[in-house]
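K.L.:
This is work_3.cif (mmCIF, C-alpha atoms).
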```
data_entry
#
loop_
_atom_site.label_atom_id
_atom_site.label_comp_id
_atom_site.auth_asym_id
_atom_site.auth_seq_id
_atom_site.Cartn_x
_atom_site.Cartn_y
_atom_site.Cartn_z
CA MET A 1 4.30 -4.02 9.39
CA VAL A 2 3.53 -7.27 7.63
CA LEU A 3 0.50 -8.85 9.30
CA ALA A 4 0.28 -11.94 7.09
CA GLN A 5 1.89 -13.53 4.08
CA VAL A 6 0.76 -16.08 1.51
CA THR A 7 2.99 -18.16 -0.73
CA ILE A 8 2.42 -17.59 -4.45
CA ALA A 9 2.30 -20.79 -6.47
CA ALA A 10 5.02 -21.47 -9.02
CA LYS A 11 4.17 -20.17 -12.49
CA SER A 12 1.38 -18.04 -11.01
CA ASN A 13 1.05 -14.47 -9.72
CA GLU A 14 -0.45 -12.49 -6.85
CA ILE A 15 -4.03 -12.49 -8.14
CA PRO A 16 -5.07 -15.99 -6.91
CA ALA A 17 -3.45 -15.22 -3.52
CA PHE A 18 -5.71 -12.22 -2.87
CA ALA A 19 -8.58 -14.04 -1.12
CA PRO A 20 -6.29 -16.35 0.92
CA LEU A 21 -4.38 -13.27 2.10
CA LEU A 22 -7.64 -11.65 3.20
CA ASP A 23 -8.37 -14.85 5.17
CA ALA A 24 -4.98 -14.60 6.85
CA VAL A 25 -5.45 -10.93 7.75
CA GLU A 26 -8.94 -11.68 9.04
CA THR A 27 -7.42 -14.29 11.34
CA VAL A 28 -5.15 -11.61 12.80
CA PHE A 29 -7.90 -9.01 13.32
CA GLY A 30 -10.83 -11.30 13.99
CA SER A 31 -12.97 -9.29 11.57
CA LEU A 32 -12.42 -7.15 8.50
CA THR A 33 -15.67 -5.23 8.76
CA GLY A 34 -15.24 -1.53 8.10
CA LEU A 35 -11.58 -1.69 7.10
CA LEU A 36 -10.22 -0.03 3.96
CA PHE A 37 -7.88 -2.04 1.75
CA ILE A 38 -5.51 -0.37 -0.69
CA ALA A 39 -3.77 -2.54 -3.26
CA ASP A 40 -1.69 -1.92 -6.35
CA ALA A 41 -3.06 -1.88 -9.89
CA LEU A 42 -2.50 -5.61 -10.45
CA HIS A 43 -5.45 -6.22 -8.13
CA THR A 44 -7.87 -3.98 -10.00
CA GLN A 45 -10.02 -7.03 -10.64
CA THR A 46 -13.80 -7.22 -10.50
CA ALA A 47 -13.61 -10.46 -8.50
CA HIS A 48 -11.44 -8.73 -5.89
CA ALA A 49 -13.91 -5.87 -5.58
CA GLU A 50 -16.75 -8.34 -5.07
CA GLU A 51 -14.70 -10.29 -2.52
CA ILE A 52 -13.97 -7.13 -0.54
CA ALA A 53 -17.62 -6.02 -0.56
CA ALA A 54 -18.83 -9.46 0.54
CA ARG A 55 -16.64 -9.19 3.64
CA GLY A 56 -18.07 -5.81 4.63
CA THR A 57 -14.86 -3.97 3.82
CA HIS A 58 -13.91 -1.22 1.37
CA LEU A 59 -11.42 -0.93 -1.47
CA MET A 60 -9.40 1.94 -2.90
CA ILE A 61 -7.41 0.90 -5.91
CA PRO A 62 -5.53 2.49 -8.84
CA THR A 63 -6.25 1.76 -12.48
CA LYS A 64 -3.52 1.48 -15.08
CA GLY A 65 -2.91 -0.22 -18.40
CA ASN A 66 -3.99 -3.67 -17.25
CA GLN A 67 -7.60 -2.39 -17.28
CA PRO A 68 -7.68 -0.25 -20.45
CA THR A 69 -11.46 0.19 -20.61
CA LEU A 70 -11.75 1.33 -17.00
CA PHE A 71 -8.67 3.53 -17.40
CA ALA A 72 -10.22 5.21 -20.44
CA GLN A 73 -13.50 5.76 -18.55
CA LEU A 74 -11.70 7.40 -15.64
CA LYS A 75 -9.50 9.53 -17.86
CA ALA A 76 -12.51 10.75 -19.87
CA LEU A 77 -14.36 12.15 -16.86
CA PRO A 78 -14.76 15.97 -16.87
CA TRP A 79 -11.78 16.63 -14.60
CA PRO A 80 -11.25 20.27 -15.71
CA GLU A 81 -14.72 21.09 -14.34
CA VAL A 82 -14.04 19.48 -10.95
CA PRO A 83 -12.78 21.80 -8.20
CA LEU A 84 -9.50 20.98 -6.57
CA GLY A 85 -10.09 18.91 -3.46
CA ASP A 86 -6.70 18.82 -1.78
CA ARG A 87 -3.13 19.96 -2.41
CA ARG A 88 0.03 18.98 -0.54
CA ARG A 89 3.62 20.16 -0.98
CA ASP A 90 6.72 18.42 0.31
CA THR A 91 10.43 19.11 0.02
CA GLY A 92 13.38 16.92 0.84
CA HIS A 93 16.44 15.17 -0.61
CA GLY A 94 16.82 17.97 -3.15
CA ARG A 95 13.33 17.38 -4.51
CA ARG A 96 10.08 19.33 -4.42
CA GLU A 97 6.80 17.45 -4.82
CA THR A 98 3.24 18.69 -5.19
CA ARG A 99 0.25 16.33 -5.07
CA THR A 100 -3.25 17.43 -6.08
CA VAL A 101 -6.44 15.44 -5.61
CA LYS A 102 -9.78 15.68 -7.36
CA ALA A 103 -12.71 13.34 -6.72
CA ILE A 104 -16.01 12.76 -8.51
CA THR A 105 -19.01 10.96 -7.05
CA VAL A 106 -20.23 8.33 -9.48
CA HIS A 107 -24.00 8.95 -9.58
CA THR A 108 -25.01 6.91 -12.61
CA PRO A 109 -24.57 3.11 -12.59
CA GLY A 110 -22.38 1.99 -15.46
CA VAL A 111 -20.47 5.25 -15.81
CA ILE A 112 -17.53 3.50 -14.19
CA GLY A 113 -17.26 -0.17 -15.03
CA PHE A 114 -15.97 -1.36 -11.67
CA PRO A 115 -18.09 -2.97 -8.96
CA HIS A 116 -19.04 -0.92 -5.91
CA ALA A 117 -17.09 2.15 -7.03
CA GLN A 118 -18.65 5.24 -5.46
CA GLN A 119 -15.98 7.79 -6.28
CA ALA A 120 -13.48 8.29 -9.06
CA ILE A 121 -10.22 9.95 -8.06
CA ARG A 122 -7.41 11.69 -9.91
CA ILE A 123 -4.11 12.35 -8.18
CA ILE A 124 -1.37 14.32 -9.96
CA ARG A 125 2.16 14.20 -8.56
CA THR A 126 4.53 16.88 -9.84
CA ARG A 127 8.20 16.46 -8.89
CA THR A 128 11.01 18.92 -9.45
CA THR A 129 14.62 17.88 -8.99
CA GLY A 130 17.06 20.59 -9.99
CA ALA A 131 16.02 21.72 -13.46
CA LYS A 132 14.02 18.57 -14.20
CA THR A 133 10.25 18.41 -13.63
CA SER A 134 8.12 15.30 -14.08
CA ARG A 135 4.39 14.71 -13.71
CA GLU A 136 2.54 11.50 -12.93
CA THR A 137 -1.25 11.13 -13.08
CA THR A 138 -2.91 8.23 -11.30
CA TYR A 139 -6.59 7.33 -11.33
CA PHE A 140 -8.31 5.47 -8.50
CA THR A 141 -11.72 4.19 -7.56
CA VAL A 142 -12.94 3.89 -3.99
CA SER A 143 -16.01 2.13 -2.59
CA LEU A 144 -16.62 4.82 0.03
CA PRO A 145 -18.98 7.76 -0.59
CA ALA A 146 -17.79 11.36 -0.40
CA GLU A 147 -19.16 11.92 3.10
CA ARG A 148 -16.87 9.16 4.37
CA ALA A 149 -13.88 9.82 2.13
CA GLN A 150 -12.98 13.45 1.55
CA PRO A 151 -10.12 14.43 -0.81
CA ALA A 152 -7.77 14.96 2.13
CA ASP A 153 -8.53 11.42 3.30
CA LEU A 154 -7.96 10.05 -0.20
CA GLN A 155 -4.62 11.83 -0.34
CA ASP A 156 -3.55 10.31 2.99
CA TRP A 157 -4.62 6.81 2.02
CA ALA A 158 -2.87 6.92 -1.34
CA ARG A 159 0.34 8.08 0.33
CA ARG A 160 0.17 5.21 2.82
CA GLU A 161 0.16 2.75 -0.07
CA TRP A 162 3.13 4.54 -1.64
CA HIS A 163 4.93 4.46 1.72
CA ILE A 164 4.87 0.67 1.59
CA GLU A 165 7.36 0.89 -1.25
CA ASN A 166 9.73 3.01 0.83
CA ARG A 167 9.23 1.56 4.29
CA LEU A 168 8.99 -2.13 3.40
CA TYR A 169 10.07 -3.11 -0.11
CA HIS A 170 13.02 -0.73 -0.12
CA VAL A 171 14.19 -2.15 3.23
CA LEU A 172 13.80 -5.71 1.96
CA ASP A 173 15.73 -4.96 -1.23
CA VAL A 174 18.48 -2.72 0.16
CA THR A 175 18.98 -3.67 3.81
CA PHE A 176 18.19 -7.38 3.58
CA ARG A 177 19.12 -7.81 -0.12
CA GLU A 178 16.15 -10.10 -0.60
CA ASP A 179 16.38 -10.21 -4.40
CA LEU A 180 19.97 -11.47 -4.23
CA HIS A 181 19.20 -14.36 -1.91
CA GLN A 182 19.84 -17.79 -3.41
CA SER A 183 17.17 -19.80 -1.53
CA ARG A 184 14.69 -20.97 -4.15
CA THR A 185 13.48 -24.44 -3.15
CA GLY A 186 11.30 -26.05 -0.50
CA THR A 187 10.09 -23.93 2.38
CA GLY A 188 13.32 -21.92 2.53
CA PRO A 189 11.99 -18.79 0.78
CA VAL A 190 8.84 -18.75 2.94
CA VAL A 191 10.76 -19.14 6.19
CA LEU A 192 13.28 -16.45 5.27
CA ALA A 193 10.52 -14.07 4.20
CA ALA A 194 8.78 -14.59 7.53
CA LEU A 195 12.03 -13.90 9.42
CA ARG A 196 12.71 -10.71 7.46
CA ASN A 197 9.16 -9.48 8.00
CA ALA A 198 9.31 -10.34 11.70
CA SER A 199 12.58 -8.46 12.04
CA ILE A 200 11.16 -5.34 10.40
CA GLY A 201 7.99 -5.57 12.48
CA TYR A 202 9.98 -5.94 15.69
CA HIS A 203 12.04 -2.84 14.99
CA ARG A 204 8.99 -0.83 13.88
CA THR A 205 7.13 -1.61 17.10
CA ASN A 206 10.17 -0.30 18.98
CA GLY A 207 9.86 2.99 17.13
CA GLU A 208 12.83 2.49 14.82
CA ALA A 209 12.74 4.62 11.68
CA ASN A 210 16.07 3.37 10.29
CA ILE A 211 15.92 -0.42 9.96
CA ALA A 212 19.50 -0.70 8.71
CA ARG A 213 20.82 1.04 11.81
CA ALA A 214 18.54 -1.01 14.08
CA THR A 215 19.75 -4.23 12.43
CA ARG A 216 23.39 -3.31 12.96
CA ARG A 217 22.67 -2.61 16.61
CA ALA A 218 20.83 -5.95 16.95
CA ASN A 219 23.84 -7.71 15.43
CA ARG A 220 25.99 -6.31 18.24
CA LEU A 221 23.44 -7.21 20.93
CA PRO A 222 21.88 -10.49 19.69
CA HIS A 223 20.88 -11.72 23.15
CA ASP A 224 18.59 -8.73 23.68
CA LEU A 225 16.77 -9.52 20.45
CA ILE A 226 16.51 -13.25 21.19
CA THR A 227 15.15 -12.56 24.68
CA ALA A 228 12.57 -10.11 23.36
CA VAL A 229 11.34 -12.52 20.67
CA THR A 230 11.25 -15.70 22.77
CA SER A 231 10.04 -14.38 26.12
CA THR A 232 6.45 -14.95 27.19
CA TYR A 233 4.86 -12.18 29.18
CA PRO A 234 1.79 -12.75 31.40
CA THR A 235 -1.34 -11.01 30.18
CA THR A 236 -3.21 -8.68 32.48
CA GLN A 237 -6.95 -8.94 32.87
#
```
Would you put the structure from the file into structure tokens?

P.N.:
Amino acid sequence: MVLAQVTIAAKSNEIPAFAPLLDAVETVFGSLTGLLFIADALHTQTAHAEEIAARGTHLMIPTKGNQPTLFAQLKALPWPEVPLGDRRRDTGHGRRETRTVKAITVHTPGVIGFPHAQQAIRIIRTRTTGAKTSRETTYFTVSLPAERAQPADLQDWARREWHIENRLYHVLDVTFREDLHQSRTGTGPVVLAALRNASIGYHRTNGEANIARATRRANRLPHDLITAVTSTYPTTQ
């Protein structure tokens, strides 16, 4: 579910919107203390790591080509000597996938040039579809120590971030055809984004796994949806 959204300025990108989005999420929760944030590689920024730490929260984040020095440091760690921490296998849609996780505690300051990093992580995803096999290696850092973030936990958290692509962005692109929408000026894009996110959130809270099917049903029964969204229910003490 989308808890908050922030408009990105024209001719800018997501990086300046990071702190304002944290403010918006904090408004929803009341406090961010103790939460774990997972973001994509664009946000592997030292300022973001400092911002997260200052709020009493934690960060798990991948490193890719936008941070070549950090990527090289992570890749050069003695991974062959590290025992396997966790392995998962999944099958479905004609595909087999295996994910392995290794984690190294960063003991020496400066070994990893990223603020507050306490563990370095390597996740390898091997996918087989028919006769074709592909392998993807992703490196992460996390600001939680090993006693609070075991390899099985790291595996789960990484998958939750990947699920955002399937359970949110895919729905926005395919079901709602967001990229094809022509609204580009004024507050139109913001309003429409909020409506799409609210729609997805509404269906998710009702336990819907298939948003396309739920949307078709809502189209046939619009009054039920309008009543649910606009009704005010008394709170119980």

K.L.:
Between A:Leu180, A:Ala158, A:Ala218, A:Val101, which residue has the minimum interatomic distance to Ile38 in chain A, considering all atoms listed in the file?

P.N.:
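Once distances to Ile38 in chain A are computed over all atoms listed in the file, the minimum belongs to A:Ala158.
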
K.L.:
Give me the result of the PyMOL selection byres ((chain A and resi 37) around 9) on this file, residue by residue, as a PyMOL selection string.

P.N.:
chain A and resi 35-36+38-39+52+57-61

K.L.:
I'd like the interatomic distance between CA of Arg125 in chain A and CA of Tyr169 in chain A, to a tenth of an Å.

P.N.:
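Taking CA of Arg125 in chain A and CA of Tyr169 in chain A, their separation equals 20.8 Å.
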
K.L.:
Could you work out how far CA of Arg196 in chain A lies from CA of Arg213 in chain A, giving the answer in Å with one decimal?

P.N.:
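Computing the Euclidean distance for CA of Arg213 in chain A and CA of Arg196 in chain A yields 14.9 Å.
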
K.L.:
What residues have an atom no more than 9 Å from (15.7, 21.2, -4.1) in the file's own frame, counting only C-alpha atoms, and can you write them as a PyMOL selection string?

P.N.:
chain A and resi 91-96+128-130

K.L.:
CA of Gln119 in chain A to CA of Ala17 in chain A: how many Å, to one decimal?

P.N.:
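CA of Ala17 in chain A lies 26.3 Å from CA of Gln119 in chain A.
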
K.L.:
Quick one: residues within 10 Å of Gly65 in chain A, only C-alpha atoms, excluding same-chain residues fewer than 5 positions away - as a list in words?

P.N.:
Ala41, Leu42, Leu70, Phe71 and Ala72 of chain A

K.L.:
Using the chain letters and numbering of this document, enumerate as a count of residues only the residues selected by the PyMOL selection byres ((chain A and resi 100) around 8).

P.N.:
12

K.L.:
So which one's closest to Ala194 in chain A, A:Leu172, A:Ala209, A:Ala228, A:Ala103? Using only C-alpha atoms, please.

P.N.:
A:Leu172

K.L.:
Let me make sure I understand: among A:Asn219, A:Thr27, A:Asn197, A:Asn166, which one has the smallest atom-to-atom distance to Glu178 in chain A if we use all atoms listed in the file?

P.N.:
A:Asn197

K.L.:
Evaluated on this file, the PyMOL selection byres ((chain A and resi 212) around 9) picks out some residues - which ones are they, written as a VMD selection string?

P.N.:
chain A and resid 171 174 to 176 210 to 211 213 to 217

K.L.:
Pick the closest to Ala149 in chain A from A:Ile164, A:Ile104, A:Val82, A:Ile15: which is it, counting all atoms listed in the file?

P.N.:
A:Ile104

K.L.:
Using all atoms listed in the file, which of A:Glu97, A:Pro62, A:His116, A:Lys11 sits nearest Thr46 in chain A?

P.N.:
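For Thr46 in chain A, the nearest of the candidates is A:His116.
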
K.L.:
Could you pull the residues within 10 Å of Glu14 in chain A, counting all atoms listed in the file, minus those fewer than 6 positions along the same chain, as a ChimeraX atom specification?

P.N.:
/A:6-8,21,42-43

K.L.:
Which of these, A:Thr187, A:Thr63, A:Gln155, A:Thr227, has the shortest distance to Thr138 in chain A once you count only C-alpha atoms?

P.N.:
A:Thr63

K.L.:
Pick out the residues sitting within 10 Å of Ala198 in chain A, and hand them over as an MDAnalysis selection string; count all atoms listed in the file, and ignore anything fewer than 4 positions along from it in its own chain.

P.N.:
chainID A and resid 1:3 192:194 202:204 229

K.L.:
Mind listing whatever residues come within 7 Å of the point (-21.1, 9.2, -2.0)? Use all atoms listed in the file, file coordinates, and give them as a PyMOL selection string.

P.N.:
chain A and resi 105+118-119+144-147

K.L.:
Quick one: what's the axis-aligned box for range 171-174 of chain A, all listed atoms, 3 Å on every side, centre and edges in Å to one decimal, as AutoDock Vina command-line options?

P.N.:
```
--center_x 16.1 --center_y -3.9 --center_z 1.0 --size_x 10.7 --size_y 9.6 --size_z 10.5
```
